[in-house]
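Trainee: Structure file structure05.cif (mmCIF, C-alpha atoms) is given on the next line.
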data_data
loop_
_atom_site.label_atom_id
_atom_site.label_comp_id
_atom_site.auth_asym_id
_atom_site.auth_seq_id
_atom_site.Cartn_x
_atom_site.Cartn_y
_atom_site.Cartn_z
CA MET A 1083 115.46 304.35 177.49
CA THR A 1084 115.14 307.52 179.56
CA ALA A 1085 114.68 310.72 177.56
CA VAL A 1086 117.39 313.36 177.80
CA SER A 1087 116.87 317.07 177.35
CA THR A 1088 119.97 319.21 177.90
CA LEU A 1089 122.68 319.45 175.26
CA PRO A 1090 125.33 317.80 177.50
CA GLU A 1091 122.92 314.91 178.07
CA GLN A 1092 122.03 314.67 174.38
CA ILE A 1093 125.65 314.51 173.30
CA ALA A 1094 126.61 312.10 176.08
CA ALA A 1095 123.75 309.82 175.01
CA ALA A 1096 124.85 310.07 171.38
CA LEU A 1097 128.45 309.15 172.24
CA LEU A 1098 127.24 306.12 174.18
CA LYS A 1099 124.85 305.08 171.42
CA ILE A 1100 127.50 304.89 168.69
CA GLY A 1101 130.23 303.46 170.93
CA ALA A 1102 132.39 306.59 170.82
CA VAL A 1103 132.44 306.15 174.59
CA ALA A 1104 132.69 302.70 176.11
CA LEU A 1105 132.34 302.08 179.86
CA ARG A 1106 133.84 299.05 181.64
CA PRO A 1107 134.03 299.78 185.38
CA ASN A 1108 134.80 296.15 186.22
CA GLN A 1109 137.10 295.35 183.28
CA PRO A 1110 139.11 298.55 182.86
CA PHE A 1111 140.85 299.53 179.66
CA THR A 1112 144.61 300.13 179.63
CA TRP A 1113 145.66 303.42 178.06
CA THR A 1114 148.94 303.88 176.21
CA SER A 1115 150.29 305.61 179.31
CA GLY A 1116 149.60 302.46 181.33
CA ILE A 1117 146.71 304.01 183.26
CA LYS A 1118 143.84 301.65 184.01
CA SER A 1119 140.59 303.34 183.01
CA PRO A 1120 136.88 302.45 183.24
CA ILE A 1121 136.24 304.55 180.13
CA TYR A 1122 137.53 304.62 176.57
CA CYS A 1123 136.67 307.57 174.35
CA ASP A 1124 137.07 307.72 170.56
CA ASN A 1125 135.17 310.76 169.32
CA ARG A 1126 136.48 310.22 165.79
CA LEU A 1127 133.51 307.91 165.35
CA THR A 1128 131.19 310.93 165.41
CA ILE A 1129 132.23 311.98 161.91
CA SER A 1130 130.44 308.93 160.48
CA TYR A 1131 127.04 309.97 161.88
CA PRO A 1132 125.55 313.05 160.16
CA GLU A 1133 122.92 313.78 162.81
CA ILE A 1134 125.43 313.59 165.65
CA ARG A 1135 128.09 315.67 163.92
CA GLU A 1136 125.39 318.24 163.15
CA LEU A 1137 124.39 318.33 166.82
CA ILE A 1138 128.03 318.87 167.76
CA ALA A 1139 128.61 321.57 165.15
CA ASP A 1140 125.43 323.39 166.20
CA GLY A 1141 126.57 323.24 169.82
CA PHE A 1142 129.97 324.71 169.04
CA ALA A 1143 128.47 327.38 166.79
CA ALA A 1144 126.00 328.43 169.48
CA ILE A 1145 128.78 328.87 172.05
CA ILE A 1146 130.88 330.92 169.64
CA LYS A 1147 127.96 333.17 168.67
CA ALA A 1148 127.02 333.77 172.30
CA GLN A 1149 130.42 334.01 173.97
CA TYR A 1150 133.01 334.68 171.26
CA PRO A 1151 131.15 336.72 168.63
CA ASP A 1152 134.38 338.48 167.61
CA ALA A 1153 136.01 335.20 166.51
CA GLU A 1154 137.59 335.59 163.10
CA VAL A 1155 139.09 332.13 162.50
CA ILE A 1156 138.18 328.58 163.54
CA ALA A 1157 141.16 326.31 164.25
CA GLY A 1158 141.01 322.53 164.26
CA ALA A 1159 143.39 320.62 166.51
CA ALA A 1160 144.95 317.75 164.57
CA THR A 1161 143.60 315.30 164.04
CA GLY A 1162 140.31 314.83 165.85
CA GLY A 1163 139.29 318.48 165.85
CA ILE A 1164 139.84 319.10 162.14
CA PRO A 1165 136.53 317.84 160.68
CA HIS A 1166 134.46 319.46 163.41
CA ALA A 1167 136.29 322.76 162.92
CA ALA A 1168 135.46 322.59 159.21
CA TRP A 1169 131.74 322.12 159.86
CA VAL A 1170 131.70 324.92 162.44
CA ALA A 1171 133.61 327.28 160.15
CA GLN A 1172 131.11 326.54 157.39
CA LYS A 1173 128.15 327.28 159.67
CA LEU A 1174 129.67 330.57 160.79
CA ASN A 1175 131.07 331.50 157.36
CA LEU A 1176 134.53 331.95 158.86
CA PRO A 1177 138.01 330.99 157.66
CA MET A 1178 139.48 327.77 159.02
CA ILE A 1179 143.00 326.62 159.84
CA TYR A 1180 144.35 323.51 161.48
CA VAL A 1181 147.25 323.05 163.84
CA ARG A 1182 149.57 320.04 163.88
CA ASP A 1183 150.96 318.55 167.08
CA LYS A 1184 154.43 319.42 165.79
CA PRO A 1185 155.87 321.21 162.74
CA LYS A 1186 155.83 319.28 159.47
CA GLY A 1187 159.18 317.63 158.87
CA HIS A 1188 159.62 318.84 155.29
CA GLY A 1189 158.75 321.69 152.91
CA LYS A 1190 157.89 324.87 154.82
CA GLU A 1191 157.81 322.88 158.07
CA ASN A 1192 154.47 324.43 158.97
CA MET A 1193 152.77 323.72 162.27
CA ILE A 1194 149.76 325.80 161.26
CA GLU A 1195 148.08 325.07 157.93
CA GLY A 1196 145.87 327.66 156.30
CA ALA A 1197 145.91 331.46 156.32
CA LEU A 1198 146.34 333.03 159.75
CA LYS A 1199 147.09 336.73 160.06
CA PRO A 1200 148.69 338.45 163.06
CA GLY A 1201 146.09 339.78 165.47
CA GLN A 1202 143.24 337.55 164.32
CA LYS A 1203 141.01 336.13 167.04
CA VAL A 1204 140.77 332.34 166.99
CA VAL A 1205 138.59 329.66 168.58
CA VAL A 1206 140.23 326.23 168.75
CA ILE A 1207 138.08 323.12 168.23
CA GLU A 1208 139.15 319.84 169.83
CA ASP A 1209 137.46 316.45 170.12
CA LEU A 1210 138.63 315.48 173.61
CA ILE A 1211 140.24 317.04 176.68
CA SER A 1212 142.22 314.60 178.82
CA THR A 1213 145.27 316.12 180.52
CA GLY A 1214 144.80 319.30 178.48
CA GLY A 1215 148.40 319.45 177.36
CA SER A 1216 147.96 318.80 173.65
CA SER A 1217 144.94 321.10 173.36
CA LEU A 1218 146.71 323.91 175.17
CA LYS A 1219 149.72 323.42 172.88
CA VAL A 1220 147.46 324.21 169.91
CA ALA A 1221 146.15 327.39 171.53
CA LEU A 1222 149.67 328.53 172.40
CA ALA A 1223 150.89 327.83 168.85
CA VAL A 1224 148.17 330.18 167.59
CA ASN A 1225 149.35 332.84 170.05
CA GLU A 1226 152.99 332.35 169.09
CA ALA A 1227 152.02 332.93 165.45
CA GLY A 1228 150.85 336.40 166.45
CA ALA A 1229 147.12 335.67 166.62
CA LYS A 1230 144.94 335.38 169.73
CA SER A 1231 143.33 332.20 171.07
CA LEU A 1232 139.98 333.19 172.53
CA ALA A 1233 139.14 329.72 173.83
CA VAL A 1234 139.44 325.98 173.34
CA LEU A 1235 136.11 324.21 172.74
CA ALA A 1236 135.90 320.42 172.88
CA ILE A 1237 133.26 317.74 172.57
CA PHE A 1238 134.11 315.93 175.82
CA THR A 1239 136.30 316.22 178.90
CA TYR A 1240 137.24 313.70 181.58
CA GLN A 1241 137.22 316.66 184.01
CA PHE A 1242 140.66 315.90 185.38
CA ALA A 1243 141.73 318.57 187.87
CA SER A 1244 145.15 318.66 186.20
CA ALA A 1245 143.59 319.76 182.90
CA GLU A 1246 141.62 322.52 184.59
CA GLU A 1247 144.81 323.71 186.28
CA VAL A 1248 146.91 323.93 183.11
CA PHE A 1249 144.24 325.93 181.29
CA ALA A 1250 143.74 328.24 184.27
CA ALA A 1251 147.49 328.85 184.50
CA SER A 1252 147.67 329.73 180.80
CA HIS A 1253 144.61 332.01 180.96
CA VAL A 1254 143.05 330.21 177.97
CA PRO A 1255 139.32 329.53 178.56
CA VAL A 1256 138.16 325.98 177.91
CA GLN A 1257 134.59 324.77 177.46
CA THR A 1258 133.08 321.45 176.41
CA LEU A 1259 129.75 320.32 175.03
CA THR A 1260 129.53 317.44 177.48
CA ASN A 1261 131.63 315.94 180.25
CA TYR A 1262 132.34 312.94 182.44
CA THR A 1263 129.70 313.89 185.03
CA ALA A 1264 126.94 314.19 182.44
CA LEU A 1265 128.08 310.94 180.84
CA LEU A 1266 127.83 309.00 184.09
CA ASP A 1267 124.36 310.42 184.78
CA VAL A 1268 123.11 309.37 181.35
CA ALA A 1269 124.84 305.98 181.56
CA VAL A 1270 123.07 305.16 184.82
CA LYS A 1271 119.68 306.30 183.48
CA GLN A 1272 120.13 304.13 180.40
CA GLY A 1273 121.43 301.10 182.28
CA ALA A 1274 124.89 301.21 180.68
CA ILE A 1275 126.38 301.09 184.19
CA GLN A 1276 124.93 300.40 187.61
CA SER A 1277 124.43 303.07 190.26
CA GLU A 1278 126.90 301.23 192.51
CA ASP A 1279 129.62 301.80 189.88
CA ILE A 1280 129.40 305.57 190.23
CA THR A 1281 131.64 305.86 193.31
CA SER A 1282 134.54 303.94 191.78
CA MET A 1283 134.23 305.79 188.47
CA GLN A 1284 134.24 309.13 190.22
CA SER A 1285 137.30 308.10 192.23
CA TRP A 1286 139.06 307.24 188.96
CA ARG A 1287 138.51 310.78 187.71
CA ASP A 1288 139.90 312.17 190.96
CA ASN A 1289 142.94 309.87 191.02
CA PRO A 1290 143.34 307.91 187.76
CA GLN A 1291 146.79 306.59 188.66
CA GLN A 1292 145.35 304.58 191.53
CA PHE A 1293 142.33 303.05 189.82
CA GLY A 1294 142.07 299.30 190.29
CA LYS A 1295 144.98 299.15 192.73
#
Starting from the file, lay out its structure as structure tokens.

Mentor:
Amino acid sequence: MTAVSTLPEQIAAALLKIGAVALRPNQPFTWTSGIKSPIYCDNRLTISYPEIRELIADGFAAIIKAQYPDAEVIAGAATGGIPHAAWVAQKLNLPMIYVRDKPKGHGKENMIEGALKPGQKVVVIEDLISTGGSSLKVALAVNEAGAKSLAVLAIFTYQFASAEEVFAASHVPVQTLTNYTALLDVAVKQGAIQSEDITSMQSWRDNPQQFGK
């Protein structure tokens, strides 16, 4: 197995190792949306591996310290971002909240759980960026509550152009620990896919609706 050195490579290798990312360029998965995909990502598996979740938490914490040192609250996007937000908040000794995908249907009908004060600066933690819509919804919910979303940080992104566009339009920065490009590089080095699969897998990222047609 080829050694990896950069953090994006390390995390991509870790996701492949535990099966959080599975690659099947010749037998594509079918997503709920009906899209045929050569990749399936389930980053929830990372919570079961202490060394990997520590690597992820350290990566997030380093970005926040370097780029968002005025962050006052760490927000977890339900559900995949919640445990990672908790570990990051603990490392940085900051308060944590989490944000539902929609308001709770009973009681106070909260969408945001935890203490969030108007004007507080928040970094949102997510496990995966696909289209970007659900992650952006979390950031905007924080803003609508009177606080300020500094950025959305995620473990992995498919690097869809549509996701980059929605974040750019909303003026909410987004950054990930690893990405589809790094994953493909590591997968080829480790023999998880063949070099001849790269072209088709890159074309899927550029036009996922047409993959396999």

Trainee: Evaluate the PyMOL selection byres ((chain A and resi 1148-1153) around 12) here and jot the selected residues down as a ChimeraX atom specification.

Mentor: /A:1141-1147,1154-1157,1170-1171,1174-1178,1201-1206,1229-1235,1255-1257

Trainee: Which residue is closest to Leu1265 of chain A? Choose from A:Tyr1240, A:Phe1293, A:Tyr1131, A:Tyr1180 and count only C-alpha atoms.

Mentor: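 The shortest atom-to-atom distance to Leu1265 of chain A comes from A:Tyr1240.
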
Trainee: Tell me, in Å to one decimal, how far atom CA of Glu1091 of chain A is from atom CA of Ala1264 of chain A.

Mentor: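 Atom CA of Ala1264 of chain A lies 6.0 Å from atom CA of Glu1091 of chain A.
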
Trainee: Can you list, as an MDAnalysis selection string, every protein, DNA or RNA residue that comes within 12 Å of segment 1271-1286 of chain A when you count only C-alpha atoms, leaving out same-chain residues fewer than 3 positions away?

Mentor: chainID A and resid 1083:1086 1091 1094:1096 1098:1099 1101 1103:1110 1117:1121 1240:1243 1262:1268 1289:1295

Trainee: Between atom CA of Ser1252 of chain A and atom CA of Asp1124 of chain A, what is the distance, to one decimal in Å?

Mentor: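 Separating atom CA of Ser1252 of chain A from atom CA of Asp1124 of chain A is a distance of 26.5 Å.
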
Trainee: Looking at A:Asp1140, A:Asp1209, A:Gly1196, A:Val1181, which one is nearest to Leu1222 of chain A, with distances taken over all atoms listed in the file?

Mentor: A:Val1181

Trainee: Give as a short mmCIF file (atom, residue, chain, number, x, y, z; two decimals) with C-alpha atoms, in the frame of the given file the residues that the PyMOL selection byres ((chain A and resi 1128) around 9) matches when applied to the coordinates above.

Mentor:
data_model
loop_
_atom_site.label_atom_id
_atom_site.label_comp_id
_atom_site.auth_asym_id
_atom_site.auth_seq_id
_atom_site.Cartn_x
_atom_site.Cartn_y
_atom_site.Cartn_z
CA ALA A 1096 124.85 310.07 171.38
CA LEU A 1097 128.45 309.15 172.24
CA ILE A 1100 127.50 304.89 168.69
CA ALA A 1102 132.39 306.59 170.82
CA ASP A 1124 137.07 307.72 170.56
CA ASN A 1125 135.17 310.76 169.32
CA ARG A 1126 136.48 310.22 165.79
CA LEU A 1127 133.51 307.91 165.35
CA ILE A 1129 132.23 311.98 161.91
CA SER A 1130 130.44 308.93 160.48
CA TYR A 1131 127.04 309.97 161.88
CA PRO A 1132 125.55 313.05 160.16
CA ILE A 1134 125.43 313.59 165.65
CA ARG A 1135 128.09 315.67 163.92
CA ILE A 1138 128.03 318.87 167.76
#

Trainee: Pick the closest to Gly1162 of chain A from A:Met1193, A:Ala1245, A:Ile1237, A:Leu1089: which is it, counting all atoms listed in the file?

Mentor: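 For Gly1162 of chain A, the nearest of the candidates is A:Ile1237.
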
Trainee: Of the candidates A:Phe1238, A:Leu1259, A:Glu1136, A:Asn1225, which shows the shortest atom-to-atom distance to Tyr1122 of chain A, using all atoms listed in the file?

Mentor: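 Checking each of A:Phe1238, A:Leu1259, A:Glu1136, A:Asn1225 against Tyr1122 of chain A, counting all atoms listed in the file, the winner is A:Phe1238.
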
Trainee: To one decimal place, how far is atom CA of Pro1090 of chain A from atom CA of Glu1246 of chain A in Å?

Mentor: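 Atom-to-atom, atom CA of Pro1090 of chain A to atom CA of Glu1246 of chain A, that is 18.4 Å.
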
Trainee: Neighbours of Ala1227 of chain A within 9 Å (all atoms listed in the file; same-chain residues fewer than 6 positions away dropped), as a list in words?

Mentor: Ile1194, Leu1198, Lys1199 and Pro1200 of chain A

Trainee: Using the selection just defined, write its residues with C-alpha atoms as a short mmCIF file (atom, residue, chain, number, x, y, z; two decimals), in the frame of the given file.

Mentor:
data_model
loop_
_atom_site.label_atom_id
_atom_site.label_comp_id
_atom_site.auth_asym_id
_atom_site.auth_seq_id
_atom_site.Cartn_x
_atom_site.Cartn_y
_atom_site.Cartn_z
CA ILE A 1194 149.76 325.80 161.26
CA LEU A 1198 146.34 333.03 159.75
CA LYS A 1199 147.09 336.73 160.06
CA PRO A 1200 148.69 338.45 163.06
#
